[in-house]
Amino acid sequence: MNHKSLSLLLLLLAAVVAACNSADSRKQPLVVAPQSQGQIDTAYADGIPRITISEFQSLKAGDVFVVDVRNQAAFDQGHIPGAKLIPVGEVATRIAEFPKDKKIVTYCS
């Protein structure tokens, strides 16, 4: 992966992680539009896509890298099996640990 792609990945990841603590993520969505399957497509102010638990469960384990961005104590109380603990404040310095060939899913609650 070239430097430009890695920078873009880092920027996207930082935005995802920031969304965990963002006040905007707790407010009403900007746009709600019904989809053909009865689902609701929601656009958030930060532009970061969210997935539902059932969408997450439908992902193949080998195709996704799950990152828990909470602290060690919260991780120890319970986490998604196979998730890697990378606290939000350490993401930028540990970006090399993120695979380039998998979908990255972060969670914070």
# chains A, B, ... in the order shown; residues from 1 in each chain; ligands from 1
$ residues_around --residues "Phe75 of chain A" --least-positions-apart "2" --cutoff "10 Å" --atoms "only C-alpha atoms" --output "list in words"
Asp68, Val69, Arg70, Asn71, Gln72, Ala73, Gln77, Gly78, His79, Ile80, Ala83, Lys84, Leu85, Ile86, Pro87, Cys108 and Ser109 of chain A
$ closest_residue --among "A:Ala92, A:Ile53, A:Gly82, A:Ala45" --to "Phe65 of chain A" --atoms "only C-alpha atoms"
A:Gly82
$ atom_distance --atom1 "atom CA of Thr106 of chain A" --atom2 "atom CA of Thr52 of chain A"
12.4 Å
$ atom_distance --atom1 "atom CA of Phe56 of chain A" --atom2 "atom CA of Lys102 of chain A"
13.6 Å
